[in-house]
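J.: Dropping in input.cif, with mmCIF, C-alpha atoms.
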data_work
loop_
_atom_site.label_atom_id
_atom_site.label_comp_id
_atom_site.auth_asym_id
_atom_site.auth_seq_id
_atom_site.Cartn_x
_atom_site.Cartn_y
_atom_site.Cartn_z
CA MET A 1 10.71 -70.89 -24.11
CA SER A 2 13.47 -73.45 -23.85
CA ASN A 3 15.07 -74.14 -20.50
CA GLY A 4 17.41 -76.79 -21.83
CA GLN A 5 16.99 -78.79 -18.61
CA SER A 6 14.33 -80.46 -16.51
CA ASN A 7 13.82 -77.76 -13.89
CA GLY A 8 12.22 -74.35 -14.38
CA GLN A 9 15.37 -72.26 -14.83
CA TRP A 10 14.65 -69.39 -17.20
CA TYR A 11 17.00 -69.65 -20.15
CA PRO A 12 16.51 -67.54 -23.30
CA PRO A 13 17.65 -69.30 -26.48
CA GLU A 14 19.54 -66.22 -27.68
CA TRP A 15 21.94 -66.25 -24.71
CA PRO A 16 24.73 -68.38 -26.31
CA ASP A 17 25.03 -66.05 -29.29
CA ARG A 18 25.02 -62.98 -27.05
CA ILE A 19 27.63 -64.51 -24.72
CA ARG A 20 29.92 -65.28 -27.68
CA ALA A 21 29.44 -61.75 -29.02
CA LEU A 22 30.39 -60.32 -25.61
CA ALA A 23 33.48 -62.55 -25.43
CA ALA A 24 34.50 -61.42 -28.91
CA GLY A 25 34.18 -57.76 -27.98
CA GLU A 26 31.23 -57.29 -30.33
CA LEU A 27 28.73 -56.48 -27.60
CA VAL A 28 28.87 -53.44 -25.33
CA PRO A 29 27.17 -54.24 -22.00
CA ALA A 30 24.22 -52.02 -21.15
CA THR A 31 24.44 -50.04 -17.91
CA PRO A 32 22.23 -51.69 -15.26
CA ARG A 33 19.24 -49.68 -14.12
CA ARG A 34 18.59 -49.64 -10.36
CA ALA A 35 15.50 -51.60 -9.37
CA ALA A 36 13.74 -53.06 -6.36
CA THR A 37 11.47 -56.05 -5.78
CA VAL A 38 9.57 -57.23 -2.71
CA LEU A 39 8.91 -60.70 -1.32
CA LEU A 40 5.58 -60.00 0.35
CA LEU A 41 4.86 -62.56 3.08
CA ARG A 42 1.61 -63.62 4.75
CA ASP A 43 1.41 -65.90 7.77
CA GLY A 44 -0.76 -69.00 7.72
CA ALA A 45 -1.33 -72.20 9.69
CA GLU A 46 1.42 -73.98 7.76
CA GLY A 47 3.89 -71.12 7.83
CA PRO A 48 4.35 -68.03 5.66
CA SER A 49 3.39 -67.87 2.01
CA VAL A 50 4.83 -65.45 -0.53
CA HIS A 51 3.00 -63.40 -3.15
CA MET A 52 4.16 -64.17 -6.70
CA LEU A 53 3.01 -63.04 -10.11
CA ARG A 54 3.45 -64.75 -13.46
CA ARG A 55 4.74 -62.47 -16.16
CA ARG A 56 2.70 -62.49 -19.35
CA ALA A 57 4.17 -64.76 -22.03
CA SER A 58 4.23 -61.76 -24.38
CA MET A 59 6.66 -59.85 -22.15
CA ALA A 60 10.04 -59.24 -23.81
CA PHE A 61 11.91 -59.92 -20.57
CA ALA A 62 11.25 -63.21 -18.72
CA GLY A 63 7.83 -63.82 -20.25
CA GLY A 64 6.01 -66.67 -18.49
CA ALA A 65 8.33 -66.60 -15.48
CA TYR A 66 7.16 -66.29 -11.89
CA ALA A 67 8.50 -63.26 -10.04
CA TYR A 68 7.67 -60.78 -7.28
CA PRO A 69 6.21 -57.26 -7.52
CA GLY A 70 8.97 -54.85 -8.47
CA GLY A 71 10.45 -52.58 -11.07
CA GLY A 72 12.92 -49.85 -11.91
CA VAL A 73 13.72 -46.79 -9.83
CA ASP A 74 11.95 -43.60 -10.93
CA PRO A 75 14.37 -40.60 -10.69
CA ARG A 76 11.61 -38.85 -8.72
CA ASP A 77 11.89 -41.54 -6.03
CA GLU A 78 14.70 -39.33 -4.66
CA HIS A 79 12.26 -36.46 -3.97
CA PRO A 80 11.80 -35.68 -0.24
CA VAL A 81 9.22 -37.84 1.54
CA ARG A 82 8.02 -38.22 5.12
CA TRP A 83 10.08 -41.12 6.37
CA ALA A 84 9.90 -43.63 9.23
CA GLY A 85 12.43 -46.29 10.17
CA PRO A 86 16.19 -46.43 9.70
CA SER A 87 17.70 -43.23 8.33
CA ARG A 88 18.60 -42.82 4.69
CA GLU A 89 22.27 -42.96 5.74
CA GLU A 90 21.67 -46.30 7.48
CA TRP A 91 19.89 -47.62 4.42
CA ALA A 92 22.75 -46.46 2.19
CA ALA A 93 25.22 -48.42 4.32
CA ARG A 94 22.99 -51.52 4.25
CA LEU A 95 22.36 -51.36 0.48
CA GLY A 96 26.00 -50.71 -0.43
CA LEU A 97 25.36 -47.21 -1.75
CA THR A 98 27.33 -44.04 -1.00
CA ASP A 99 24.47 -41.60 -1.61
CA PRO A 100 21.59 -41.54 0.93
CA ALA A 101 19.30 -40.07 -1.74
CA GLN A 102 19.93 -43.10 -3.96
CA ALA A 103 19.22 -45.38 -1.02
CA GLN A 104 15.91 -43.59 -0.44
CA ALA A 105 15.09 -44.02 -4.12
CA VAL A 106 15.63 -47.79 -3.95
CA VAL A 107 13.47 -48.10 -0.82
CA CYS A 108 10.81 -45.83 -2.35
CA ALA A 109 10.83 -47.94 -5.52
CA ALA A 110 10.26 -51.08 -3.44
CA VAL A 111 7.25 -49.53 -1.68
CA ARG A 112 5.90 -47.83 -4.81
CA GLU A 113 6.14 -50.90 -7.05
CA THR A 114 4.47 -53.08 -4.42
CA TYR A 115 1.57 -50.65 -4.40
CA GLU A 116 1.48 -50.33 -8.20
CA GLU A 117 1.56 -54.07 -8.89
CA ALA A 118 -0.08 -55.63 -5.83
CA GLY A 119 -2.19 -52.83 -4.33
CA VAL A 120 -0.32 -53.10 -1.00
CA LEU A 121 1.04 -49.91 0.56
CA LEU A 122 3.75 -49.86 3.25
CA ALA A 123 2.89 -46.40 4.57
CA GLY A 124 0.77 -44.88 7.31
CA GLU A 125 -0.54 -41.61 8.69
CA THR A 126 1.97 -41.81 11.57
CA PRO A 127 5.44 -43.38 11.90
CA ASP A 128 3.95 -46.36 13.75
CA SER A 129 0.76 -46.99 11.76
CA VAL A 130 -0.09 -48.52 8.39
CA VAL A 131 -3.06 -47.79 6.16
CA GLY A 132 -5.61 -50.57 6.51
CA ASP A 133 -7.49 -50.42 3.23
CA THR A 134 -6.30 -49.24 -0.18
CA THR A 135 -9.41 -50.11 -2.18
CA GLY A 136 -11.84 -47.62 -3.70
CA ASP A 137 -11.99 -45.32 -6.71
CA ALA A 138 -9.79 -42.57 -5.25
CA TRP A 139 -7.01 -45.00 -4.36
CA GLU A 140 -7.27 -46.66 -7.77
CA LYS A 141 -7.06 -43.32 -9.56
CA ASP A 142 -3.86 -42.49 -7.69
CA ARG A 143 -2.40 -45.95 -8.32
CA ALA A 144 -3.08 -45.65 -12.06
CA ALA A 145 -1.45 -42.20 -12.09
CA LEU A 146 1.64 -43.65 -10.40
CA VAL A 147 1.83 -46.46 -12.97
CA ALA A 148 1.52 -43.93 -15.81
CA ARG A 149 4.24 -41.80 -14.15
CA GLU A 150 1.80 -38.88 -14.12
CA LEU A 151 2.22 -38.72 -10.33
CA SER A 152 5.44 -39.06 -8.35
CA PHE A 153 5.46 -41.25 -5.27
CA ALA A 154 6.55 -38.30 -3.14
CA ASP A 155 3.56 -36.24 -4.29
CA PHE A 156 1.24 -39.21 -3.75
CA LEU A 157 2.40 -39.63 -0.14
CA ASP A 158 2.31 -35.88 0.49
CA ARG A 159 -1.20 -35.51 -0.95
CA ARG A 160 -2.48 -38.22 1.39
CA GLY A 161 -0.43 -37.15 4.41
CA LEU A 162 1.36 -40.49 4.58
CA VAL A 163 4.72 -41.56 6.05
CA LEU A 164 6.80 -44.13 4.18
CA ARG A 165 7.46 -47.06 6.55
CA SER A 166 11.00 -48.11 5.61
CA ASP A 167 11.14 -50.16 8.83
CA LEU A 168 8.59 -52.59 7.38
CA LEU A 169 11.17 -53.67 4.77
CA GLY A 170 14.17 -55.93 5.24
CA ALA A 171 16.93 -55.96 2.59
CA TRP A 172 17.43 -59.57 1.50
CA ALA A 173 19.64 -59.89 -1.60
CA ARG A 174 21.10 -58.03 -4.56
CA TRP A 175 21.40 -59.43 -8.08
CA ILE A 176 22.68 -57.75 -11.25
CA THR A 177 21.46 -58.85 -14.68
CA PRO A 178 24.26 -60.53 -16.70
CA GLU A 179 26.35 -58.34 -19.00
CA PHE A 180 25.10 -60.15 -22.11
CA GLU A 181 21.42 -59.29 -21.46
CA PRO A 182 20.07 -56.30 -23.44
CA ARG A 183 17.91 -55.17 -20.47
CA ARG A 184 19.96 -54.97 -17.31
CA TYR A 185 18.91 -54.24 -13.73
CA ASP A 186 20.80 -53.82 -10.47
CA THR A 187 18.05 -55.17 -8.24
CA TRP A 188 17.68 -55.14 -4.47
CA PHE A 189 15.33 -57.78 -3.06
CA PHE A 190 13.38 -56.96 0.10
CA VAL A 191 11.10 -58.92 2.42
CA ALA A 192 7.95 -57.44 4.00
CA ALA A 193 4.86 -58.72 5.80
CA LEU A 194 1.40 -58.06 4.39
CA PRO A 195 -0.07 -55.30 6.61
CA ALA A 196 -3.20 -56.12 8.59
CA GLY A 197 -6.35 -55.12 6.73
CA GLN A 198 -4.72 -54.98 3.30
CA ARG A 199 -5.21 -57.51 0.50
CA THR A 200 -3.15 -58.17 -2.58
CA ARG A 201 -4.64 -58.12 -6.04
CA ASN A 202 -3.27 -58.46 -9.53
CA ALA A 203 -2.89 -54.79 -10.41
CA SER A 204 -0.02 -55.37 -12.84
CA THR A 205 -0.46 -55.11 -16.58
CA GLU A 206 2.64 -57.31 -16.87
CA ALA A 207 1.16 -60.33 -15.05
CA ASP A 208 -1.56 -62.77 -16.13
CA ARG A 209 -1.98 -64.38 -12.69
CA THR A 210 -0.90 -64.06 -9.08
CA VAL A 211 -0.62 -66.63 -6.30
CA TRP A 212 0.08 -66.89 -2.60
CA ILE A 213 2.32 -69.93 -2.30
CA HIS A 214 4.50 -71.52 0.36
CA PRO A 215 8.18 -71.12 -0.60
CA VAL A 216 8.81 -74.87 -0.34
CA ASP A 217 5.89 -75.58 -2.70
CA ALA A 218 7.04 -72.96 -5.20
CA ALA A 219 10.56 -74.37 -5.12
CA ALA A 220 9.21 -77.88 -5.64
CA GLY A 221 7.25 -76.65 -8.66
CA TYR A 222 10.43 -75.14 -10.05
CA ASP A 223 12.37 -78.38 -9.42
CA ARG A 224 9.71 -80.33 -11.33
CA GLY A 225 9.94 -77.90 -14.24
CA GLU A 226 6.37 -76.70 -13.71
CA LEU A 227 7.17 -73.13 -12.60
CA THR A 228 9.67 -71.07 -14.59
CA MET A 229 11.83 -68.67 -12.58
CA MET A 230 14.97 -66.63 -13.00
CA PRO A 231 17.89 -67.58 -10.73
CA PRO A 232 17.37 -64.68 -8.25
CA THR A 233 13.73 -65.67 -7.77
CA ILE A 234 14.30 -69.34 -6.96
CA SER A 235 17.39 -68.48 -4.88
CA THR A 236 15.47 -66.06 -2.65
CA LEU A 237 12.57 -68.53 -2.40
CA ARG A 238 14.88 -71.26 -1.12
CA GLY A 239 16.25 -68.79 1.43
CA LEU A 240 12.75 -68.36 2.89
CA GLU A 241 12.01 -72.05 3.40
CA ARG A 242 13.46 -72.24 6.91
CA PHE A 243 11.27 -69.55 8.50
CA GLY A 244 8.11 -70.35 10.43
CA THR A 245 6.66 -66.82 10.29
CA ALA A 246 6.98 -63.63 8.30
CA GLY A 247 8.35 -61.95 11.41
CA GLU A 248 11.19 -64.48 11.63
CA ALA A 249 12.17 -63.74 8.04
CA LEU A 250 12.12 -59.99 8.65
CA ALA A 251 14.20 -60.42 11.81
CA ALA A 252 16.79 -62.37 9.82
CA ALA A 253 17.04 -59.82 7.01
CA GLY A 254 19.86 -57.91 8.67
CA GLU A 255 22.07 -61.01 8.45
CA GLN A 256 21.53 -61.55 4.73
CA ASP A 257 24.51 -61.07 2.40
CA LEU A 258 23.94 -58.17 0.00
CA THR A 259 27.08 -58.77 -2.05
CA PRO A 260 25.89 -58.33 -5.67
CA VAL A 261 25.49 -61.58 -7.60
CA LEU A 262 26.52 -61.22 -11.25
CA ALA A 263 26.55 -64.12 -13.69
CA GLN A 264 29.82 -65.00 -15.37
CA ALA A 265 30.33 -66.68 -18.73
CA ARG A 266 33.56 -68.24 -19.92
CA LEU A 267 34.71 -70.27 -22.90
CA ASP A 268 36.04 -73.74 -22.03
CA GLY A 269 37.23 -75.13 -25.33
CA ASP A 270 34.16 -75.11 -27.57
CA GLU A 271 31.85 -75.07 -24.58
CA LEU A 272 30.33 -72.05 -22.88
CA VAL A 273 30.08 -72.25 -19.10
CA LEU A 274 27.53 -69.92 -17.53
CA SER A 275 27.66 -69.55 -13.75
CA TRP A 276 26.39 -67.41 -10.89
CA PRO A 277 29.13 -67.14 -8.21
CA GLY A 278 28.02 -68.72 -4.95
CA HIS A 279 25.01 -70.37 -6.61
CA ASP A 280 26.27 -73.58 -8.18
CA GLU A 281 22.80 -74.96 -8.93
CA PHE A 282 22.40 -72.50 -11.81
CA THR A 283 25.62 -73.37 -13.65
CA LYS A 284 24.96 -74.26 -17.29
CA HIS A 285 27.26 -75.93 -19.83
CA ILE A 286 26.43 -74.87 -23.37
CA PRO A 287 28.05 -76.82 -26.24
CA ALA A 288 29.16 -75.09 -29.41
CA GLY A 289 25.88 -75.93 -31.10
CA GLY A 290 23.68 -74.08 -28.61
CA ALA A 291 21.93 -74.87 -25.34
CA SER A 292 22.64 -77.99 -23.35
#
Hey, can you dump this file as structure tokens for me?
T.:
Amino acid sequence: MSNGQSNGQWYPPEWPDRIRALAAGELVPATPRRAATVLLLRDGAEGPSVHMLRRRASMAFAGGAYAYPGGGVDPRDEHPVRWAGPSREEWAARLGLTDPAQAQAVVCAAVRETYEEAGVLLAGETPDSVVGDTTGDAWEKDRAALVARELSFADFLDRRGLVLRSDLLGAWARWITPEFEPRRYDTWFFVAALPAGQRTRNASTEADRTVWIHPVDAAAGYDRGELTMMPPTISTLRGLERFGTAGEALAAAGEQDLTPVLAQARLDGDELVLSWPGHDEFTKHIPAGGAS
């Protein structure tokens, strides 16, 4: 995978050709699929660390890149669930959605994907409790059924008598995959603290390793070109560096700007300029011959 520069910015070699095809009207942008991802935080003596997974190199999208647990919304994530925390209407306003059911689906996807990929479940038997242990054969059977889409998240919660704890999530950012990418996602990023008694594990078939890492260390690895990340990942990591605890980050979530970030590409003479508005560090200048 070629980054074309010294840091770890993910940069697929086919992008220049796809950007030129889009500019020439030869490429019809795919409709973004709604998705959610969670920056799971754990407090430590030196401040909070974040749970990251490395996508398998064989993955078609962002293979080898470090990311967070997450994935696309399942249409069944709109099914009625027992719910704690801000109302669906409040979540819709916060997420920039007009339909409360869609807002629920995004929040459900965040909680479901965190359970599917990291084994961590933000739900409890009451509106003010959280399950303390999600290990064991019965839990694993349910998790595998969720991954296979044989079981909806609503049915999973209902079967176990659990309440979804939407108040344990804080909406952090929203990024939309560029128009020239064949797989596009409209992704909401959330922050959450690892519940007491629960442990993460690599439950994802898409990841070959997972780490707990301090945001400043992960960012430094990216800056040295040792850790590959997509722009939303490194951007959200840098945003966490100033917090001394997971609770501080969650408390600050309400102040985060959820204006969608969408990459823009323009032709400047023979050169392609690729930029993410408001995030100048990711701007790339691509000469006519390919990547810079």
J.: Show me, as a PyMOL selection string, the residues that have an atom within 9 Å of region 169-180 of chain A when counting only C-alpha atoms, minus same-chain residues fewer than 3 positions from it.
T.: chain A and resi 15+18-22+27-32+38+94-95+107+110-111+122+165-166+183-193+232+236+249-265
J.: Name the closest residue to Val81 (chain A) among the candidates A:Tyr66, A:Tyr222, A:Trp212, A:Phe153; distances are taken between atoms, counting all atoms listed in the file.
T.: A:Phe153
J.: Report as number ranges by chain the residues that result from applying the PyMOL selection byres ((chain A and resi 271) around 9) to the structure here.
T.: A: 266-270, 272-273, 285-289
J.: Here's the selection I'm unsure about, the PyMOL selection byres ((chain A and resi 218) around 12); applied to the file above, which residues does it give, as a PDB file with C-alpha atoms, keeping the file's coordinate frame?
T.:
ATOM      1  CA  GLY A   8      12.220 -74.350 -14.380  1.00  0.00           C
ATOM      2  CA  SER A  49       3.390 -67.870   2.010  1.00  0.00           C
ATOM      3  CA  VAL A  50       4.830 -65.450  -0.530  1.00  0.00           C
ATOM      4  CA  HIS A  51       3.000 -63.400  -3.150  1.00  0.00           C
ATOM      5  CA  MET A  52       4.160 -64.170  -6.700  1.00  0.00           C
ATOM      6  CA  LEU A  53       3.010 -63.040 -10.110  1.00  0.00           C
ATOM      7  CA  TYR A  66       7.160 -66.290 -11.890  1.00  0.00           C
ATOM      8  CA  ALA A  67       8.500 -63.260 -10.040  1.00  0.00           C
ATOM      9  CA  VAL A 211      -0.620 -66.630  -6.300  1.00  0.00           C
ATOM     10  CA  TRP A 212       0.080 -66.890  -2.600  1.00  0.00           C
ATOM     11  CA  ILE A 213       2.320 -69.930  -2.300  1.00  0.00           C
ATOM     12  CA  HIS A 214       4.500 -71.520   0.360  1.00  0.00           C
ATOM     13  CA  PRO A 215       8.180 -71.120  -0.600  1.00  0.00           C
ATOM     14  CA  VAL A 216       8.810 -74.870  -0.340  1.00  0.00           C
ATOM     15  CA  ASP A 217       5.890 -75.580  -2.700  1.00  0.00           C
ATOM     16  CA  ALA A 219      10.560 -74.370  -5.120  1.00  0.00           C
ATOM     17  CA  ALA A 220       9.210 -77.880  -5.640  1.00  0.00           C
ATOM     18  CA  GLY A 221       7.250 -76.650  -8.660  1.00  0.00           C
ATOM     19  CA  TYR A 222      10.430 -75.140 -10.050  1.00  0.00           C
ATOM     20  CA  ASP A 223      12.370 -78.380  -9.420  1.00  0.00           C
ATOM     21  CA  ARG A 224       9.710 -80.330 -11.330  1.00  0.00           C
ATOM     22  CA  GLY A 225       9.940 -77.900 -14.240  1.00  0.00           C
ATOM     23  CA  GLU A 226       6.370 -76.700 -13.710  1.00  0.00           C
ATOM     24  CA  LEU A 227       7.170 -73.130 -12.600  1.00  0.00           C
ATOM     25  CA  THR A 228       9.670 -71.070 -14.590  1.00  0.00           C
ATOM     26  CA  MET A 229      11.830 -68.670 -12.580  1.00  0.00           C
ATOM     27  CA  THR A 233      13.730 -65.670  -7.770  1.00  0.00           C
ATOM     28  CA  ILE A 234      14.300 -69.340  -6.960  1.00  0.00           C
ATOM     29  CA  SER A 235      17.390 -68.480  -4.880  1.00  0.00           C
ATOM     30  CA  THR A 236      15.470 -66.060  -2.650  1.00  0.00           C
ATOM     31  CA  LEU A 237      12.570 -68.530  -2.400  1.00  0.00           C
ATOM     32  CA  ARG A 238      14.880 -71.260  -1.120  1.00  0.00           C
ATOM     33  CA  LEU A 240      12.750 -68.360   2.890  1.00  0.00           C
ATOM     34  CA  GLU A 241      12.010 -72.050   3.400  1.00  0.00           C
TER      35      GLU A 241
END
J.: Put the listed atoms of region 151-166 of chain A in a box along x, y and z with 8 Å added on every side and give me the centre and edge lengths in Å to one decimal, as AutoDock Vina command-line options.
T.:
--center_x 4.3 --center_y -41.8 --center_z -1.9 --size_x 29.5 --size_y 28.6 --size_z 32.9
J.: Find the distance between CA of Thr126 (chain A) and CA of Asp99 (chain A) and write it in Å to one decimal.
T.: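 CA of Asp99 (chain A) lies 26.1 Å from CA of Thr126 (chain A).
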J.: Expanded to explicit residues, what is the PyMOL selection byres ((chain A and resi 69) around 6) for this file, as a list in words?
T.: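 Listing what the PyMOL selection byres ((chain A and resi 69) around 6) selects in the shown file: Thr37, Val38, Tyr68, Gly70, Thr114 and Glu117 of chain A.
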J.: Would you work out the distance separating CA of Asp155 (chain A) from CA of Gly96 (chain A), expressed in Å to one decimal?
T.: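 These atoms are spaced 27.0 Å apart.
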J.: In Å to one decimal, how far is CA of Ala92 (chain A) from CA of Gly244 (chain A)?
T.: 29.2 Å
J.: With distances taken over all atoms listed in the file, which residue among A:Glu46, A:Pro231, A:Pro100, A:Glu89 lies nearest Glu281 (chain A)?
T.: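 Answer, going by the shortest atom-to-atom distance: A:Pro231.
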J.: Calculated over all atoms listed in the file, which of the candidates A:Pro16, A:Pro80, A:Gly247, A:Gly44 has the smallest distance to Cys108 (chain A)?
T.: A:Pro80
J.: Which residue out of A:Leu40, A:Ala35, A:Val147, A:Ala118 has the minimum interatomic distance to Arg201 (chain A) when only C-alpha atoms are used?
T.: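 Among the listed residues, the smallest separation from Arg201 (chain A) belongs to A:Ala118.
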J.: Between A:Gln102, A:Ser87, A:Thr245, A:Gln198, which is the closest to Val131 (chain A) once you count all atoms listed in the file?
T.: A:Gln198
J.: Tell me which residues come within 9 Å of (-9.2, -56.6, 6.9), as a ChimeraX atom specification, counting all atoms listed in the file in the file's coordinates.
T.: /A:132-133,196-199
